[in-house]
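One structure below.
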Amino acid sequence: MPHPWNFNEGAAAPEEERRTLLQEGEEKAQRIFSGFIDFAFSGNILEIAFGLILATAFTGLTTSLVSDILLPPLSIILPLRRNMNEKFAVLRPGPNYNDADGYNTLEQAQNDGAIVLAYGIFLNRVINFLGIGIALYGLASLYQYLSHDPIIKHTVRCRYCRKNVSSKAIRCVNCTSWLDGREERMR
């Protein structure tokens, strides 16, 4: 007697069964593919993708502005004698440390195994972050001005529950108190 799970024994499956199995497999694959296409090309996903591409390009531009334009004059104005990225403090010198000369570059100190505090790179990244933040706020304000689509949502603090609420709201969404002071006038 043939086992029900062994398809090689006994009579071969009819041609119709094979076609329906192939059709079901094709339909499932087509459904999965069309679902992926619907997901990948939906409006929100495309907006996010374009936003990420623009943000990456914008970050590179701002990083170049900070590193190549802003920090070199700052290094000259302040008596730093070298580029801001190369500023560091030696916390523990390496085995080849020379007391008379010290380390000339951050890379030289790190290659020697010294423990260094690279505060110049940190300051570069802080200025870079602030530059990106201010520039993105400016772009959002410009977009909001031109399109009247609120990106920047201004908020006020509810005087009763102390939560932030839209400045255009009449009532607090958290505690349902009136934001125009009606409750104060009723007392």
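Going by the structure tokens order, chains are called A, B, ..., each with residues numbered from 1, while ligands are numbered from 1 in the order shown.
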
### Message
Excluding Arg125 in chain A and its own-chain neighbours fewer than 2 positions away, which residues fall within 12 Å of it when counting only C-alpha atoms? Please give them as a VMD selection string.
### Response
chain A and resid 59 62 to 67 71 84 to 85 118 to 123 127 to 132

### Task
Fewer than 6 positions away in the same chain doesn't count, so skip those; otherwise give me all residues within 10 Å of Gly113 in chain A, counting only C-alpha atoms, as a ChimeraX atom specification.
/A:92-97,107

Export, as a CSV table (one decimal), in the first residue's frame, the selected residues with all heavy atoms.
chain,number,residue,atom,x,y,z
A,92,ARG,N,46.7,60.0,28.1
A,92,ARG,CA,47.8,59.2,28.5
A,92,ARG,C,48.6,58.9,27.2
A,92,ARG,O,48.1,58.4,26.2
A,92,ARG,CB,47.3,57.8,29.0
A,92,ARG,CG,48.4,57.0,29.5
A,92,ARG,CD,48.0,55.8,30.3
A,92,ARG,NE,46.8,55.1,29.7
A,92,ARG,CZ,46.2,54.1,30.2
A,92,ARG,NH1,46.7,53.6,31.3
A,92,ARG,NH2,45.2,53.5,29.6
A,93,PRO,N,49.9,59.3,27.3
A,93,PRO,CA,50.8,59.2,26.1
A,93,PRO,C,51.1,57.7,25.7
A,93,PRO,O,51.0,56.8,26.6
A,93,PRO,CB,52.0,59.9,26.4
A,93,PRO,CG,52.0,60.0,27.9
A,93,PRO,CD,50.6,59.9,28.4
A,94,GLY,N,51.4,57.5,24.5
A,94,GLY,CA,51.8,56.1,24.0
A,94,GLY,C,53.2,55.9,24.3
A,94,GLY,O,53.9,56.7,24.9
A,95,PRO,N,53.8,54.7,23.9
A,95,PRO,CA,55.2,54.4,24.2
A,95,PRO,C,56.2,55.2,23.5
A,95,PRO,O,57.3,55.3,23.9
A,95,PRO,CB,55.2,52.9,23.8
A,95,PRO,CG,54.1,52.7,22.9
A,95,PRO,CD,53.0,53.6,23.2
A,96,ASN,N,55.8,55.8,22.3
A,96,ASN,CA,56.8,56.6,21.6
A,96,ASN,C,56.6,58.1,21.8
A,96,ASN,O,57.0,58.9,20.9
A,96,ASN,CB,56.7,56.3,20.1
A,96,ASN,CG,57.0,54.8,19.8
A,96,ASN,OD1,57.8,54.2,20.4
A,96,ASN,ND2,56.2,54.2,18.8
A,97,TYR,N,56.0,58.5,22.8
A,97,TYR,CA,55.7,59.9,23.1
A,97,TYR,C,57.0,60.6,23.4
A,97,TYR,O,57.8,60.2,24.2
A,97,TYR,CB,54.7,60.0,24.2
A,97,TYR,CG,54.3,61.4,24.6
A,97,TYR,CD1,53.5,62.1,23.7
A,97,TYR,CD2,54.8,62.1,25.7
A,97,TYR,CE1,53.1,63.5,24.0
A,97,TYR,CE2,54.4,63.4,26.0
A,97,TYR,CZ,53.6,64.1,25.2
A,97,TYR,OH,53.3,65.3,25.4
A,107,GLU,N,46.0,61.6,14.3
A,107,GLU,CA,46.3,60.3,13.8
A,107,GLU,C,47.6,59.8,14.3
A,107,GLU,O,47.7,58.6,14.6
A,107,GLU,CB,46.4,60.4,12.2
A,107,GLU,CG,46.6,59.1,11.6
A,107,GLU,CD,46.6,59.2,10.0
A,107,GLU,OE1,46.4,60.3,9.5
A,107,GLU,OE2,46.9,58.2,9.4

Residue contacts of Asn104 in chain A (12 Å, only C-alpha atoms) excluding same-chain residues fewer than 6 positions away, as a PDB file with C-alpha atoms, in the first residue's frame:
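Saved result, part.pdb, follows:
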ATOM      1  CA  ARG A  81      47.454  77.141  15.234  1.00  0.00           C
ATOM      2  CA  ARG A  82      45.797  74.216  13.427  1.00  0.00           C
ATOM      3  CA  ASN A  83      42.499  73.103  11.968  1.00  0.00           C
ATOM      4  CA  GLU A  86      42.953  68.275  14.617  1.00  0.00           C
ATOM      5  CA  LYS A  87      42.479  69.650  18.145  1.00  0.00           C
ATOM      6  CA  PHE A  88      42.987  67.012  20.808  1.00  0.00           C
ATOM      7  CA  ALA A  89      44.298  66.520  24.303  1.00  0.00           C
ATOM      8  CA  VAL A  90      46.550  63.625  25.275  1.00  0.00           C
ATOM      9  CA  TYR A  97      55.722  59.891  23.096  1.00  0.00           C
ATOM     10  CA  ASN A  98      58.362  62.621  23.023  1.00  0.00           C
ATOM     11  CA  GLN A 110      46.148  57.309  17.883  1.00  0.00           C
ATOM     12  CA  ASN A 111      48.661  55.230  15.896  1.00  0.00           C
ATOM     13  CA  ASP A 112      51.057  55.400  18.867  1.00  0.00           C
TER      14      ASP A 112
END

### Message
To test your reading of the structure, identify every residue in chain A that backbone DSSP assigns to strand (DSSP E or B), and report it as a VMD selection string.
### Response
chain A and resid 89 to 92 115 to 117 155 to 157 164 to 166 171 178

Restrict the selected residues to all heavy atoms and save them as a compact mmCIF listing (two decimals), in the first residue's frame.
# COMPACT_ATOMS: atom_id res chain seq x y z
N ALA A 89 43.52 66.49 23.07
CA ALA A 89 44.30 66.52 24.30
C ALA A 89 44.75 65.10 24.60
O ALA A 89 43.96 64.16 24.51
CB ALA A 89 43.46 67.07 25.45
N VAL A 90 46.00 64.94 24.96
CA VAL A 90 46.55 63.62 25.27
C VAL A 90 46.26 63.33 26.74
O VAL A 90 46.74 64.05 27.64
CB VAL A 90 48.07 63.58 24.99
CG1 VAL A 90 48.65 62.23 25.38
CG2 VAL A 90 48.35 63.90 23.54
N LEU A 91 45.49 62.30 26.98
CA LEU A 91 45.18 61.91 28.36
C LEU A 91 46.24 60.97 28.92
O LEU A 91 46.61 61.07 30.08
CB LEU A 91 43.80 61.25 28.41
CG LEU A 91 42.63 62.12 27.97
CD1 LEU A 91 41.33 61.33 28.02
CD2 LEU A 91 42.52 63.36 28.82
N ARG A 92 46.69 60.03 28.08
CA ARG A 92 47.79 59.16 28.47
C ARG A 92 48.65 58.92 27.22
O ARG A 92 48.14 58.42 26.22
CB ARG A 92 47.29 57.83 29.02
CG ARG A 92 48.43 56.96 29.52
CD ARG A 92 48.02 55.75 30.27
NE ARG A 92 46.84 55.11 29.69
CZ ARG A 92 46.24 54.07 30.22
NH1 ARG A 92 46.67 53.56 31.32
NH2 ARG A 92 45.19 53.54 29.64
N ILE A 115 45.94 57.56 24.53
CA ILE A 115 44.52 57.82 24.81
C ILE A 115 44.32 59.33 24.67
O ILE A 115 44.95 60.11 25.38
CB ILE A 115 44.13 57.33 26.21
CG1 ILE A 115 44.32 55.83 26.29
CG2 ILE A 115 42.70 57.72 26.52
CD1 ILE A 115 44.09 55.24 27.65
N VAL A 116 43.45 59.70 23.73
CA VAL A 116 43.29 61.11 23.42
C VAL A 116 41.83 61.52 23.56
O VAL A 116 40.92 60.71 23.41
CB VAL A 116 43.78 61.44 21.99
CG1 VAL A 116 45.26 61.24 21.86
CG2 VAL A 116 43.04 60.63 20.96
N LEU A 117 41.64 62.78 23.87
CA LEU A 117 40.32 63.40 23.91
C LEU A 117 40.23 64.29 22.67
O LEU A 117 40.82 65.37 22.65
CB LEU A 117 40.17 64.22 25.19
CG LEU A 117 38.86 64.94 25.40
CD1 LEU A 117 37.77 63.92 25.68
CD2 LEU A 117 38.97 65.91 26.55
N THR A 155 2.79 75.25 19.53
CA THR A 155 2.01 74.74 20.66
C THR A 155 2.04 75.74 21.82
O THR A 155 2.92 76.59 21.90
CB THR A 155 2.57 73.39 21.16
OG1 THR A 155 3.93 73.57 21.57
CG2 THR A 155 2.50 72.33 20.07
N VAL A 156 1.05 75.58 22.67
CA VAL A 156 0.99 76.32 23.93
C VAL A 156 0.80 75.29 25.04
O VAL A 156 0.34 74.18 24.80
CB VAL A 156 -0.16 77.35 23.95
CG1 VAL A 156 0.07 78.45 22.95
CG2 VAL A 156 -1.49 76.71 23.72
N ARG A 157 1.12 75.68 26.24
CA ARG A 157 0.98 74.77 27.38
C ARG A 157 -0.37 75.02 28.06
O ARG A 157 -0.71 76.16 28.37
CB ARG A 157 2.12 74.99 28.35
CG ARG A 157 2.25 73.94 29.41
CD ARG A 157 3.50 74.12 30.21
NE ARG A 157 4.67 73.77 29.45
CZ ARG A 157 5.25 72.58 29.49
NH1 ARG A 157 4.75 71.64 30.27
NH2 ARG A 157 6.32 72.33 28.79
N ASN A 164 1.42 70.09 26.24
CA ASN A 164 1.46 70.93 25.05
C ASN A 164 0.26 70.63 24.16
O ASN A 164 -0.07 69.48 23.92
CB ASN A 164 2.74 70.70 24.26
CG ASN A 164 3.94 71.30 24.95
OD1 ASN A 164 3.80 72.25 25.71
ND2 ASN A 164 5.11 70.75 24.69
N VAL A 165 -0.38 71.71 23.68
CA VAL A 165 -1.56 71.63 22.83
C VAL A 165 -1.34 72.58 21.66
O VAL A 165 -0.63 73.58 21.79
CB VAL A 165 -2.83 72.05 23.63
CG1 VAL A 165 -4.08 71.88 22.81
CG2 VAL A 165 -2.93 71.26 24.91
N SER A 166 -1.95 72.29 20.53
CA SER A 166 -1.83 73.16 19.37
C SER A 166 -2.29 74.57 19.73
O SER A 166 -3.27 74.75 20.46
CB SER A 166 -2.67 72.61 18.22
OG SER A 166 -2.72 73.54 17.16
N ARG A 171 -9.94 73.85 22.93
CA ARG A 171 -9.94 73.06 24.16
C ARG A 171 -8.71 72.16 24.20
O ARG A 171 -8.18 71.78 23.17
CB ARG A 171 -11.20 72.19 24.23
CG ARG A 171 -12.47 73.01 24.35
CD ARG A 171 -13.64 72.13 24.57
NE ARG A 171 -13.70 71.80 25.99
CZ ARG A 171 -14.78 71.33 26.57
NH1 ARG A 171 -15.87 71.10 25.87
NH2 ARG A 171 -14.79 71.06 27.84
N TRP A 178 -11.11 74.54 28.67
CA TRP A 178 -11.12 75.61 27.66
C TRP A 178 -9.82 76.37 27.74
O TRP A 178 -9.36 76.73 28.82
CB TRP A 178 -12.30 76.55 27.90
CG TRP A 178 -13.62 75.90 27.63
CD1 TRP A 178 -14.44 75.32 28.54
CD2 TRP A 178 -14.26 75.77 26.37
NE1 TRP A 178 -15.55 74.81 27.94
CE2 TRP A 178 -15.48 75.09 26.59
CE3 TRP A 178 -13.94 76.14 25.07
CZ2 TRP A 178 -16.36 74.78 25.57
CZ3 TRP A 178 -14.82 75.85 24.05
CH2 TRP A 178 -16.01 75.17 24.31

Considering only C-alpha atoms, tabulate each residue of range 85-177 of chain A that lies at most 12 Å from range 48-56 of chain A along with its nearest interatomic pair and the corresponding distance in Å to one decimal; arrange the rows by chain and ascending residue number and present them as a Markdown table.
| residue | atom | partner | partner_atom | distance |
| --- | --- | --- | --- | --- |
| A:Ile132 | CA | A:Ala55 | CA | 9.5 |
| A:Gly133 | CA | A:Ala55 | CA | 11.3 |
| A:Ala135 | CA | A:Ala55 | CA | 11.1 |
| A:Leu136 | CA | A:Ala55 | CA | 9.1 |
| A:Leu139 | CA | A:Ala55 | CA | 11.6 |
